[in-house]
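J.: Take a look at this one; I'll ask things after.
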Amino acid sequence: MQVELDKQEITELLKSSDRERADLLNRAQEIKDAAVGNKVYFRGLVEFSNICSKDCLYCGIRKSNGKVVRYNASDEEILAACRFAWENRFGSVVLQSGELSSPAFVKRVDDLLKGIKKLSKNELGITLSCGEQTLETYQRWFESGAHRYLLRIEASNRDLYYKIHPNTEKHLFEKRIEALHFLREAGYQVGTGVMIGLPFQTYEDLADDLLFFKKMDIDMCGMGPYIEHEETPLYQYRHLLKSKQERFDLALNMIAVLRILMPDINIAAATALQAIDPAGREKALKVGANVIMPNLTPCDYRKEYLLYEDKPCLDEDAELCRNCLEARIELAGSEIGYNEWGDSKHFQNRK
Ligand code: 5AD
Ligand code: FES
């Protein structure tokens, strides 16, 4: 059932519009149903700190953005959010933060992992998204209970990567690739992804991104539209951008083609889709995505975790968010995988 497509064919699919596009999206949905079923898995997202040592040109919480009020949620707040996820049968949580690598940070994450495992009687699955770390750190966190890790490559074309991360003291393309290999070596289900519609990005770059995912044999993917943020350097290139609607449509095409290329991986319906279209994530669930990450970050902190403009759910409390999501997913015709980790079938099939 797996379909091989070359760069040219992928590029054409990404560009497809109207009737061709309807075929593409339908085909992706059929492949998804056959390979991973119709269930959607919840991952409660806890953005526990916006303190970041890096300086990505697109990101609102980059180190050089002095306008952000930096926060570090307390252990109690983080564990309370995870307890909410557990009590509401979410199955798993994602701990995400800016990137730090101090011993104190590494230990803190380690302690949190142990705390989450304890409070949920080992039931909650845990995904981490805390940036590039050493193999030893990844191994330590794995031993403490994390079993999935998200580290987006952001752009798999080296030149484009350096256009959006020019500070080579902080950002090295090879190190990022190496980190993805470390994650695999440490035993994680490995997730990566890219932003779609970046300035300077071509359709061919996006086709190569998909082929990169395939080559890296990833287990999970999260990718969404690039959305400008006024307090970041990349904002000056906004005249080069496709319209938000075009970026949104292209993101759905990317999800659909990836589902065709890698039928049994987990694909997240990225939050950035919802920043463009209120029903954006549900639309993604209909064209190949099978994971959604309801935001459980304590409300007071959400407005300080603005990676991009118009980030949704800023003033909803966790309960409200869940209710609205549940209704919407049912509308989108999917079933919710309550109490399940919803591990990547691709990962399981590799073993
Ligand atoms: N637009 C869209 N996505 C962004 N991210 C960071 N900044 C932006 C932006 N301006 C994404 C990155 C990162 C993830 C956590 O959020 O891909 O890996
Ligand atoms: Fe924090 Fe990119 S700005 S990792």
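Here's how to read the names in the structure tokens: chain A, B, ... by the order shown, residue numbers from 1 in each chain, ligand numbers from 1 in the order shown.
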Could you give me, as a VMD selection string, every polymer residue with an atom at most 6 Å away from an atom of ligand 1, counting only C-alpha atoms and all ligand atoms?

T.: chain A and resid 58 to 59 152 154 194 to 195 225 to 229 272 307 to 308

J.: Quick one: write out the picked residues with C-alpha atoms as a compact mmCIF listing (two decimals), in the first residue's frame?

T.:
# COMPACT_ATOMS: atom_id res chain seq x y z
CA TYR A 58 11.10 33.29 13.26
CA CYS A 59 10.29 32.53 16.88
CA ARG A 152 11.67 19.70 14.32
CA GLU A 154 12.50 23.24 10.77
CA VAL A 194 9.14 21.75 9.38
CA MET A 195 7.41 25.07 8.97
CA PRO A 225 2.26 26.93 8.52
CA TYR A 226 4.88 29.55 9.28
CA ILE A 227 3.18 32.56 10.83
CA GLU A 228 4.96 35.86 11.12
CA HIS A 229 5.70 37.50 14.47
CA ALA A 272 -0.49 26.86 13.98
CA LEU A 307 5.82 31.65 19.07
CA TYR A 308 3.78 33.42 16.38

J.: Could the residues that lie within 12 Å of ligand 2, counting only C-alpha atoms and all ligand atoms, be listed as a VMD selection string?

T.: chain A and resid 49 to 65 68 96 to 101 129 to 133 151 to 154 161 164 to 167 170 to 171 176 231 to 233 305 to 308

J.: Store the residues of this selection in a file with N, CA and C atoms, as a CSV table (one decimal), in the first residue's frame.

T.:
chain,number,residue,atom,x,y,z
A,49,SER,N,8.1,26.4,30.2
A,49,SER,CA,8.9,27.5,30.3
A,49,SER,C,9.2,28.2,29.0
A,50,ASN,N,9.3,29.5,28.9
A,50,ASN,CA,9.6,30.1,27.6
A,50,ASN,C,11.0,30.7,27.6
A,51,ILE,N,11.8,30.3,28.6
A,51,ILE,CA,13.2,30.7,28.6
A,51,ILE,C,14.0,29.9,27.6
A,52,CYS,N,14.7,30.6,26.7
A,52,CYS,CA,15.3,29.9,25.6
A,52,CYS,C,16.7,30.5,25.3
A,53,SER,N,17.6,29.6,25.1
A,53,SER,CA,19.0,30.1,24.8
A,53,SER,C,19.2,30.3,23.3
A,54,LYS,N,18.3,30.0,22.5
A,54,LYS,CA,18.5,30.0,21.1
A,54,LYS,C,17.9,31.3,20.5
A,55,ASP,N,18.1,31.5,19.2
A,55,ASP,CA,17.7,32.7,18.6
A,55,ASP,C,17.2,32.5,17.2
A,56,CYS,N,16.3,31.6,17.0
A,56,CYS,CA,15.6,31.3,15.7
A,56,CYS,C,15.0,32.6,15.2
A,57,LEU,N,15.2,32.9,14.0
A,57,LEU,CA,14.8,34.2,13.4
A,57,LEU,C,13.3,34.4,13.3
A,58,TYR,N,12.6,33.3,13.4
A,58,TYR,CA,11.1,33.3,13.3
A,58,TYR,C,10.3,33.3,14.6
A,59,CYS,N,11.0,32.9,15.7
A,59,CYS,CA,10.3,32.5,16.9
A,59,CYS,C,10.1,33.7,17.9
A,60,GLY,N,8.9,33.8,18.4
A,60,GLY,CA,8.6,34.9,19.3
A,60,GLY,C,9.3,34.8,20.7
A,61,ILE,N,9.7,33.6,21.1
A,61,ILE,CA,10.4,33.5,22.4
A,61,ILE,C,11.9,33.4,22.2
A,62,ARG,N,12.4,33.8,21.1
A,62,ARG,CA,13.9,33.8,20.9
A,62,ARG,C,14.6,34.6,22.0
A,63,LYS,N,15.8,34.2,22.3
A,63,LYS,CA,16.5,34.9,23.4
A,63,LYS,C,16.6,36.4,23.2
A,64,SER,N,16.7,36.9,22.0
A,64,SER,CA,16.9,38.3,21.8
A,64,SER,C,15.6,39.1,21.8
A,65,ASN,N,14.5,38.4,22.0
A,65,ASN,CA,13.2,39.2,22.1
A,65,ASN,C,13.0,39.7,23.5
A,68,VAL,N,9.4,39.8,25.7
A,68,VAL,CA,8.7,38.7,26.3
A,68,VAL,C,9.0,38.7,27.8
A,96,GLN,N,6.8,20.8,26.8
A,96,GLN,CA,7.6,21.6,25.8
A,96,GLN,C,8.1,22.9,26.5
A,97,SER,N,9.3,23.3,26.1
A,97,SER,CA,9.9,24.5,26.6
A,97,SER,C,10.9,25.1,25.6
A,98,GLY,N,11.4,26.3,26.0
A,98,GLY,CA,12.5,26.8,25.2
A,98,GLY,C,13.7,25.9,25.5
A,99,GLU,N,14.8,26.1,24.8
A,99,GLU,CA,15.9,25.2,24.9
A,99,GLU,C,17.0,25.7,25.9
A,100,LEU,N,17.2,24.9,26.9
A,100,LEU,CA,18.3,25.1,27.8
A,100,LEU,C,19.1,23.8,28.0
A,101,SER,N,20.3,23.9,28.4
A,101,SER,CA,21.0,22.6,28.6
A,101,SER,C,21.8,22.6,29.9
A,129,SER,N,9.7,17.9,24.3
A,129,SER,CA,10.0,18.7,23.2
A,129,SER,C,10.8,19.9,23.9
A,130,CYS,N,12.1,19.6,24.2
A,130,CYS,CA,13.0,20.5,24.9
A,130,CYS,C,14.3,20.7,24.2
A,131,GLY,N,14.2,20.6,22.9
A,131,GLY,CA,15.4,20.9,22.1
A,131,GLY,C,16.5,20.0,22.0
A,132,GLU,N,17.7,20.5,21.5
A,132,GLU,CA,18.9,19.7,21.3
A,132,GLU,C,19.6,19.5,22.6
A,133,GLN,N,19.9,18.2,22.9
A,133,GLN,CA,20.6,17.8,24.1
A,133,GLN,C,21.6,16.8,23.8
A,151,LEU,N,11.5,17.0,17.8
A,151,LEU,CA,12.6,18.0,17.5
A,151,LEU,C,12.5,18.3,16.0
A,152,ARG,N,11.8,19.4,15.7
A,152,ARG,CA,11.7,19.7,14.3
A,152,ARG,C,13.0,20.1,13.7
A,153,ILE,N,13.2,19.6,12.5
A,153,ILE,CA,14.4,20.0,11.7
A,153,ILE,C,14.2,21.5,11.2
A,154,GLU,N,12.9,21.9,11.2
A,154,GLU,CA,12.5,23.2,10.8
A,154,GLU,C,12.6,23.5,9.3
A,161,TYR,N,18.0,26.4,6.2
A,161,TYR,CA,18.2,26.3,7.6
A,161,TYR,C,19.0,27.4,8.2
A,164,ILE,N,17.4,30.9,8.3
A,164,ILE,CA,16.5,31.2,9.4
A,164,ILE,C,17.1,31.0,10.8
A,165,HIS,N,18.4,30.4,10.7
A,165,HIS,CA,19.2,30.3,12.0
A,165,HIS,C,20.6,30.7,11.6
A,166,PRO,N,20.9,31.9,11.4
A,166,PRO,CA,22.2,32.3,10.9
A,166,PRO,C,23.3,32.3,12.0
A,167,ASN,N,22.9,32.3,13.2
A,167,ASN,CA,24.0,32.4,14.3
A,167,ASN,C,24.6,31.0,14.5
A,170,LYS,N,25.1,29.3,17.9
A,170,LYS,CA,24.0,28.6,18.6
A,170,LYS,C,23.4,27.5,17.7
A,171,HIS,N,23.4,27.7,16.4
A,171,HIS,CA,22.7,26.7,15.6
A,171,HIS,C,23.6,26.1,14.6
A,176,ARG,N,21.8,19.3,14.7
A,176,ARG,CA,20.4,19.0,14.8
A,176,ARG,C,20.1,17.6,14.2
A,231,GLU,N,7.9,40.8,16.4
A,231,GLU,CA,9.1,41.1,17.2
A,231,GLU,C,10.2,40.1,16.8
A,232,THR,N,10.2,39.6,15.6
A,232,THR,CA,11.3,38.7,15.2
A,232,THR,C,11.9,39.2,13.9
A,233,PRO,N,13.2,38.9,13.6
A,233,PRO,CA,13.9,39.4,12.4
A,233,PRO,C,13.2,38.9,11.1
A,305,TYR,N,3.8,32.6,25.7
A,305,TYR,CA,4.4,31.5,24.9
A,305,TYR,C,3.9,31.7,23.5
A,306,LEU,N,4.1,33.0,23.0
A,306,LEU,CA,3.6,33.3,21.7
A,306,LEU,C,4.8,33.1,20.7
A,307,LEU,N,4.8,31.9,20.1
A,307,LEU,CA,5.8,31.7,19.1
A,307,LEU,C,5.5,32.4,17.8
A,308,TYR,N,4.2,32.7,17.6
A,308,TYR,CA,3.8,33.4,16.4
A,308,TYR,C,2.5,34.2,16.7

J.: Just asking: which residues within region 163-316 of chain A are strand (DSSP E or B) according to DSSP, as JSON, numbers by chain?

T.: {"A": [189, 190, 191, 192, 194, 195, 196, 220, 221, 222, 223, 224, 225, 266, 267, 268, 269, 291, 292, 295]}

J.: Write out the residues from the selection above, keeping C-alpha atoms, as a short mmCIF file (atom, residue, chain, number, x, y, z; two decimals), in the first residue's frame.

T.:
data_model
loop_
_atom_site.label_atom_id
_atom_site.label_comp_id
_atom_site.auth_asym_id
_atom_site.auth_seq_id
_atom_site.Cartn_x
_atom_site.Cartn_y
_atom_site.Cartn_z
CA GLN A 189 9.82 7.39 19.07
CA VAL A 190 11.27 10.25 17.08
CA GLY A 191 9.22 13.12 15.76
CA THR A 192 10.37 15.95 13.56
CA VAL A 194 9.14 21.75 9.38
CA MET A 195 7.41 25.07 8.97
CA ILE A 196 5.50 25.52 5.75
CA MET A 220 6.01 11.06 14.12
CA CYS A 221 5.65 14.40 12.44
CA GLY A 222 4.37 17.81 13.42
CA MET A 223 4.37 20.51 10.80
CA GLY A 224 2.35 23.63 10.36
CA PRO A 225 2.26 26.93 8.52
CA ASN A 266 1.69 9.58 13.74
CA ILE A 267 0.99 13.02 12.28
CA ALA A 268 -0.05 15.92 14.50
CA ALA A 269 -2.62 18.51 13.54
CA VAL A 291 -2.85 13.42 16.81
CA ILE A 292 -3.97 16.64 18.43
CA ASN A 295 -3.17 23.23 25.28
#

J.: Among region 60-238 of chain A, which residues does DSSP mark as helix (DSSP H, G or I) when it is run on the backbone? Keep the chain and numbering as in the structure and answer as JSON, numbers by chain.

T.: {"A": [75, 76, 77, 78, 79, 80, 81, 82, 83, 84, 85, 86, 87, 103, 104, 105, 106, 107, 108, 109, 110, 111, 112, 113, 114, 115, 116, 117, 118, 119, 135, 136, 137, 138, 139, 140, 141, 142, 143, 158, 159, 160, 161, 162, 163, 164, 173, 174, 175, 176, 177, 178, 179, 180, 181, 182, 183, 184, 185, 186, 203, 204, 205, 206, 207, 208, 209, 210, 211, 212, 213, 214, 215, 216, 233, 234, 235, 236, 237, 238]}

J.: Go ahead and compute the interatomic distance for CA of Val46 (chain A) and CA of Phe142 (chain A), in Å to one decimal.

T.: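 Answer for the CA of Val46 (chain A) to CA of Phe142 (chain A) separation: 18.2 Å.
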
J.: Could you give me, as an MDAnalysis selection string, the residues within 9 Å of Asp208 (chain A), counting only C-alpha atoms and dropping anything in the same chain fewer than 6 positions from it?

T.: chainID A and resid 7 10:11 156:157

J.: Calculated over only C-alpha atoms, which of the candidates A:Asp6, A:Glu330, A:Asp310, A:Asp111 has the smallest distance to Ile276 (chain A)?

T.: A:Asp310
